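target_21.cif follows; it contains mmCIF, C-alpha atoms, pLDDT in the B column; chains and numbers go by the auth columns.
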```
data_final
#
loop_
_atom_site.group_PDB
_atom_site.id
_atom_site.type_symbol
_atom_site.label_atom_id
_atom_site.label_comp_id
_atom_site.label_asym_id
_atom_site.label_seq_id
_atom_site.Cartn_x
_atom_site.Cartn_y
_atom_site.Cartn_z
_atom_site.B_iso_or_equiv
_atom_site.auth_seq_id
_atom_site.auth_asym_id
ATOM 1 C CA MET A 1 54.059 106.506 130.880 47.00 1007 A
ATOM 2 C CA THR A 2 55.463 107.478 134.263 49.00 1008 A
ATOM 3 C CA SER A 3 58.733 109.313 134.767 53.00 1009 A
ATOM 4 C CA ALA A 4 60.176 106.063 136.154 62.00 1010 A
ATOM 5 C CA THR A 5 59.759 104.422 132.744 64.00 1011 A
ATOM 6 C CA ALA A 6 60.295 107.372 130.391 60.00 1012 A
ATOM 7 C CA PRO A 7 63.057 106.744 127.859 62.00 1013 A
ATOM 8 C CA LEU A 8 66.182 108.865 128.291 55.00 1014 A
ATOM 9 C CA GLY A 9 67.236 108.400 124.687 64.00 1015 A
ATOM 10 C CA PRO A 10 66.838 106.095 121.742 78.00 1016 A
ATOM 11 C CA ASP A 11 67.027 102.351 122.285 87.00 1017 A
ATOM 12 C CA ARG A 12 69.971 100.334 120.954 92.00 1018 A
ATOM 13 C CA VAL A 13 70.146 96.774 119.705 93.00 1019 A
ATOM 14 C CA PHE A 14 73.586 95.174 119.651 95.00 1020 A
ATOM 15 C CA VAL A 15 75.725 92.112 119.037 97.00 1021 A
ATOM 16 C CA LYS A 16 78.975 92.079 121.018 97.00 1022 A
ATOM 17 C CA ASP A 17 82.064 89.928 120.728 97.00 1023 A
ATOM 18 C CA LEU A 18 80.851 87.755 117.839 97.00 1024 A
ATOM 19 C CA VAL A 19 83.878 85.912 116.428 97.00 1025 A
ATOM 20 C CA ARG A 20 83.782 84.592 112.870 96.00 1026 A
ATOM 21 C CA SER A 21 86.469 83.075 110.675 96.00 1027 A
ATOM 22 C CA ILE A 22 86.414 84.958 107.394 96.00 1028 A
ATOM 23 C CA GLU A 23 88.597 85.599 104.370 94.00 1029 A
ATOM 24 C CA VAL A 24 89.929 89.126 104.784 94.00 1030 A
ATOM 25 C CA GLY A 25 92.998 91.075 103.744 93.00 1031 A
ATOM 26 C CA ILE A 26 94.832 92.549 100.775 93.00 1032 A
ATOM 27 C CA LEU A 27 98.184 90.793 101.173 91.00 1033 A
ATOM 28 C CA PRO A 28 98.881 87.752 98.966 93.00 1034 A
ATOM 29 C CA GLU A 29 99.188 85.458 102.002 89.00 1035 A
ATOM 30 C CA GLU A 30 95.686 86.504 103.158 89.00 1036 A
ATOM 31 C CA TYR A 31 93.924 85.004 100.126 92.00 1037 A
ATOM 32 C CA GLY A 32 92.497 81.496 100.423 92.00 1038 A
ATOM 33 C CA VAL A 33 92.820 81.407 104.224 92.00 1039 A
ATOM 34 C CA THR A 34 90.547 82.527 107.014 94.00 1040 A
ATOM 35 C CA GLN A 35 91.293 84.788 109.960 93.00 1041 A
ATOM 36 C CA ARG A 36 89.331 85.196 113.168 94.00 1042 A
ATOM 37 C CA VAL A 37 87.563 88.539 113.279 96.00 1043 A
ATOM 38 C CA ARG A 38 85.559 89.923 116.207 97.00 1044 A
ATOM 39 C CA PHE A 39 82.478 92.066 115.607 98.00 1045 A
ATOM 40 C CA ARG A 40 80.800 94.553 117.926 98.00 1046 A
ATOM 41 C CA VAL A 41 77.829 96.140 116.224 98.00 1047 A
ATOM 42 C CA GLY A 42 75.207 98.419 117.758 97.00 1048 A
ATOM 43 C CA VAL A 43 72.186 99.944 116.049 96.00 1049 A
ATOM 44 C CA THR A 44 70.537 103.032 117.517 94.00 1050 A
ATOM 45 C CA LEU A 45 66.863 103.128 116.626 91.00 1051 A
ATOM 46 C CA ALA A 46 65.624 106.018 114.525 89.00 1052 A
ATOM 47 C CA ALA A 47 63.218 108.518 116.034 85.00 1053 A
ATOM 48 C CA GLY A 48 59.735 107.165 115.470 82.00 1054 A
ATOM 49 C CA ALA A 49 60.867 103.574 114.906 83.00 1055 A
ATOM 50 C CA GLU A 50 57.840 101.319 114.844 80.00 1056 A
ATOM 51 C CA ALA A 51 57.492 97.704 115.879 80.00 1057 A
ATOM 52 C CA GLY A 52 56.636 95.188 113.192 79.00 1058 A
ATOM 53 C CA ALA A 53 54.255 92.239 113.391 77.00 1059 A
ATOM 54 C CA ASP A 54 56.751 90.448 115.669 81.00 1060 A
ATOM 55 C CA GLY A 55 56.574 93.303 118.188 78.00 1061 A
ATOM 56 C CA LEU A 56 60.163 94.406 117.526 79.00 1062 A
ATOM 57 C CA ALA A 57 61.395 97.603 115.913 82.00 1063 A
ATOM 58 C CA PHE A 58 64.810 96.017 115.249 87.00 1064 A
ATOM 59 C CA SER A 59 66.348 92.634 116.072 90.00 1065 A
ATOM 60 C CA TYR A 60 69.842 91.389 116.783 94.00 1066 A
ATOM 61 C CA VAL A 61 69.049 88.714 114.175 94.00 1067 A
ATOM 62 C CA THR A 62 69.050 91.505 111.573 95.00 1068 A
ATOM 63 C CA ILE A 63 72.598 92.368 112.646 97.00 1069 A
ATOM 64 C CA LEU A 64 73.717 88.727 112.433 97.00 1070 A
ATOM 65 C CA GLU A 65 72.224 88.355 108.953 97.00 1071 A
ATOM 66 C CA ALA A 66 73.925 91.562 107.776 97.00 1072 A
ATOM 67 C CA ILE A 67 77.283 90.250 109.042 97.00 1073 A
ATOM 68 C CA ASP A 68 76.675 86.990 107.158 97.00 1074 A
ATOM 69 C CA ARG A 69 75.943 88.876 103.920 97.00 1075 A
ATOM 70 C CA ALA A 70 78.985 91.149 104.301 96.00 1076 A
ATOM 71 C CA THR A 71 81.348 88.220 104.917 96.00 1077 A
ATOM 72 C CA ASP A 72 80.083 85.681 102.374 95.00 1078 A
ATOM 73 C CA ARG A 73 83.131 86.342 100.133 94.00 1079 A
ATOM 74 C CA HIS A 74 86.723 87.542 100.452 95.00 1080 A
ATOM 75 C CA VAL A 75 86.907 91.117 101.798 95.00 1081 A
ATOM 76 C CA GLY A 76 89.975 93.203 101.073 94.00 1082 A
ATOM 77 C CA LEU A 77 89.825 95.890 103.739 95.00 1083 A
ATOM 78 C CA LEU A 78 88.103 96.097 107.104 95.00 1084 A
ATOM 79 C CA GLU A 79 87.012 99.602 106.052 96.00 1085 A
ATOM 80 C CA ASP A 80 85.114 98.146 103.092 96.00 1086 A
ATOM 81 C CA LEU A 81 83.580 95.482 105.322 97.00 1087 A
ATOM 82 C CA GLY A 82 82.470 98.113 107.833 97.00 1088 A
ATOM 83 C CA GLU A 83 80.970 100.363 105.153 96.00 1089 A
ATOM 84 C CA ALA A 84 79.069 97.442 103.582 96.00 1090 A
ATOM 85 C CA LEU A 85 77.738 96.396 106.977 97.00 1091 A
ATOM 86 C CA ALA A 86 76.714 99.966 107.850 97.00 1092 A
ATOM 87 C CA ALA A 87 74.932 100.479 104.511 96.00 1093 A
ATOM 88 C CA ASP A 88 73.062 97.184 104.896 96.00 1094 A
ATOM 89 C CA LEU A 89 71.901 97.962 108.438 97.00 1095 A
ATOM 90 C CA LEU A 90 70.974 101.567 107.656 96.00 1096 A
ATOM 91 C CA SER A 91 68.777 100.394 104.784 94.00 1097 A
ATOM 92 C CA ASP A 92 66.275 99.423 107.507 93.00 1098 A
ATOM 93 C CA PRO A 93 64.053 102.477 108.139 91.00 1099 A
ATOM 94 C CA ASN A 94 64.061 101.769 111.891 91.00 1100 A
ATOM 95 C CA ALA A 95 67.864 102.117 112.091 94.00 1101 A
ATOM 96 C CA GLY A 96 69.050 105.654 112.815 94.00 1102 A
ATOM 97 C CA ALA A 97 72.771 105.079 113.381 96.00 1103 A
ATOM 98 C CA VAL A 98 75.242 102.215 113.628 97.00 1104 A
ATOM 99 C CA ASP A 99 78.418 101.758 115.656 97.00 1105 A
ATOM 100 C CA ILE A 100 80.758 99.111 114.302 98.00 1106 A
ATOM 101 C CA MET A 101 84.004 97.690 115.659 98.00 1107 A
ATOM 102 C CA ILE A 102 85.792 94.984 113.683 97.00 1108 A
ATOM 103 C CA GLU A 103 89.019 93.478 115.007 95.00 1109 A
ATOM 104 C CA LYS A 104 91.466 91.085 113.370 92.00 1110 A
ATOM 105 C CA LEU A 105 92.576 88.617 116.023 91.00 1111 A
ATOM 106 C CA ASP A 106 95.160 86.457 114.236 82.00 1112 A
ATOM 107 C CA ARG A 107 97.045 88.609 111.735 74.00 1113 A
ATOM 108 C CA ILE A 108 100.415 88.897 113.487 74.00 1114 A
ATOM 109 C CA ASP A 109 101.683 86.419 116.086 73.00 1115 A
ATOM 110 C CA GLY A 110 102.074 88.128 119.439 70.00 1116 A
ATOM 111 C CA ALA A 111 100.616 91.406 118.191 69.00 1117 A
ATOM 112 C CA ALA A 112 97.855 93.292 119.888 77.00 1118 A
ATOM 113 C CA VAL A 113 94.418 93.145 118.359 82.00 1119 A
ATOM 114 C CA PHE A 114 93.905 95.740 115.655 86.00 1120 A
ATOM 115 C CA GLY A 115 91.023 96.799 113.491 92.00 1121 A
ATOM 116 C CA LEU A 116 88.431 99.426 112.746 94.00 1122 A
ATOM 117 C CA GLU A 117 85.855 101.419 114.667 97.00 1123 A
ATOM 118 C CA MET A 118 83.235 103.561 112.916 97.00 1124 A
ATOM 119 C CA ARG A 119 79.938 105.331 113.480 96.00 1125 A
ATOM 120 C CA ARG A 120 77.552 105.981 110.624 96.00 1126 A
ATOM 121 C CA GLY A 121 74.147 107.611 110.455 94.00 1127 A
ATOM 122 C CA ARG A 122 71.454 107.718 107.859 83.00 1128 A
ATOM 123 C CA GLY A 123 72.497 109.964 104.956 71.00 1129 A
ATOM 124 C CA GLN A 124 75.946 110.648 106.387 62.00 1130 A
ATOM 125 C CA ALA A 125 78.754 111.390 103.942 49.00 1131 A
ATOM 126 C CA VAL A 126 81.869 109.262 104.443 49.00 1132 A
ATOM 127 C CA ALA A 127 85.353 110.807 104.594 47.00 1133 A
ATOM 128 C CA ARG A 128 88.298 108.474 104.154 48.00 1134 A
#
```
What do you get writing this file as structure tokens?
Amino acid sequence: MTSATAPLGPDRVFVKDLVRSIEVGILPEEYGVTQRVRFRVGVTLAAGAEAGADGLAFSYVTILEAIDRATDRHVGLLEDLGEALAADLLSDPNAGAVDIMIEKLDRIDGAAVFGLEMRRGRGQAVAR
């Protein structure tokens, strides 16, 4: 490897600005209806991550599938959704850390977007 191609840090795989309509919220009016939610999820590869048979160490498809699993039912809090998504992604041995941003787009008419941003690493304790 030449210095022109030497990595400067771990690689990242990401999905940005994915919008899904999901059931989310703890208020009575949020049950039985969907809201648009935007996801930005990045996975930093673990040191020593190895490519599988497909030649990839980690795929954006893995991120999409984790989002599908985390949103296949009503979710009360964005914090719970983020933690479930982080735990799912970090269960892959090639994932070293995850950055997650989840934004509710439709909750209040005329309101700015609001949501959650978190960073989790393998074995990290969570303070809430």
(request) Tell me, in Å to one decimal, how far atom CA of Gly1102 of chain A is from atom CA of Asp1017 of chain A. (result) 10.2 Å
(request) Carefully work through the PyMOL selection byres ((chain A and resi 1016) around 7) for this structure and note down the residues it includes, as a VMD selection string. (result) chain A and resid 1015 1017 to 1018 1050 to 1051
(request) Kindly indicate which residue among A:Val1081, A:Leu1122, A:Leu1024, A:Ala1055 lies nearest to Tyr1037 of chain A, using all atoms listed in the file for the distances. (result)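 Once distances to Tyr1037 of chain A are computed over all atoms listed in the file, the minimum belongs to A:Val1081.
Pairwise distance (atom CA of Leu1033 of chain A, atom CA of Arg1126 of chain A) equals 27.3 Å.
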(request) List, as number ranges by chain, every residue that the PyMOL selection byres ((chain A and resi 1021) around 9) selects in the file provided. (result) A: 1019-1020, 1022-1024, 1045-1048, 1066-1067, 1069-1070
(request) Please write as a list of chain:residue names the full residue list that the PyMOL selection byres ((chain A and resi 1111-1113) around 9) yields on this file. (result)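 Evaluating the PyMOL selection byres ((chain A and resi 1111-1113) around 9) on these coordinates yields A:Glu1036, A:Gln1041, A:Arg1042, A:Val1043, A:Arg1044, A:Glu1109, A:Lys1110, A:Ile1114, A:Asp1115, A:Gly1116, A:Ala1117, A:Ala1118, A:Val1119, A:Phe1120, A:Gly1121.
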(message) Under the rule that only C-alpha atoms are counted, which of A:Ile1073, A:Leu1062, A:Met1107, A:Leu1096 is the nearest residue to Gly1129 of chain A?
(response) A:Leu1096
(message) Quick check, in Å to one decimal: how far apart do atom CA of Ile1028 of chain A and atom CA of Thr1068 of chain A lie?
(response)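 Rounded to one decimal, the two atoms are 19.0 Å apart.
If you measure from each of A:Ala1059, A:Ala1052, A:Met1124, A:Leu1083 to Pro1099 of chain A using only C-alpha atoms, the closest one turns out to be A:Ala1052.
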(message) Counting all atoms listed in the file, which residue out of A:Ala1101, A:Leu1087, A:Val1039, A:Val1025 sits closest to Glu1056 of chain A?
(response)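 Between A:Ala1101, A:Leu1087, A:Val1039, A:Val1025, the residue approaching Glu1056 of chain A most closely is A:Ala1101.
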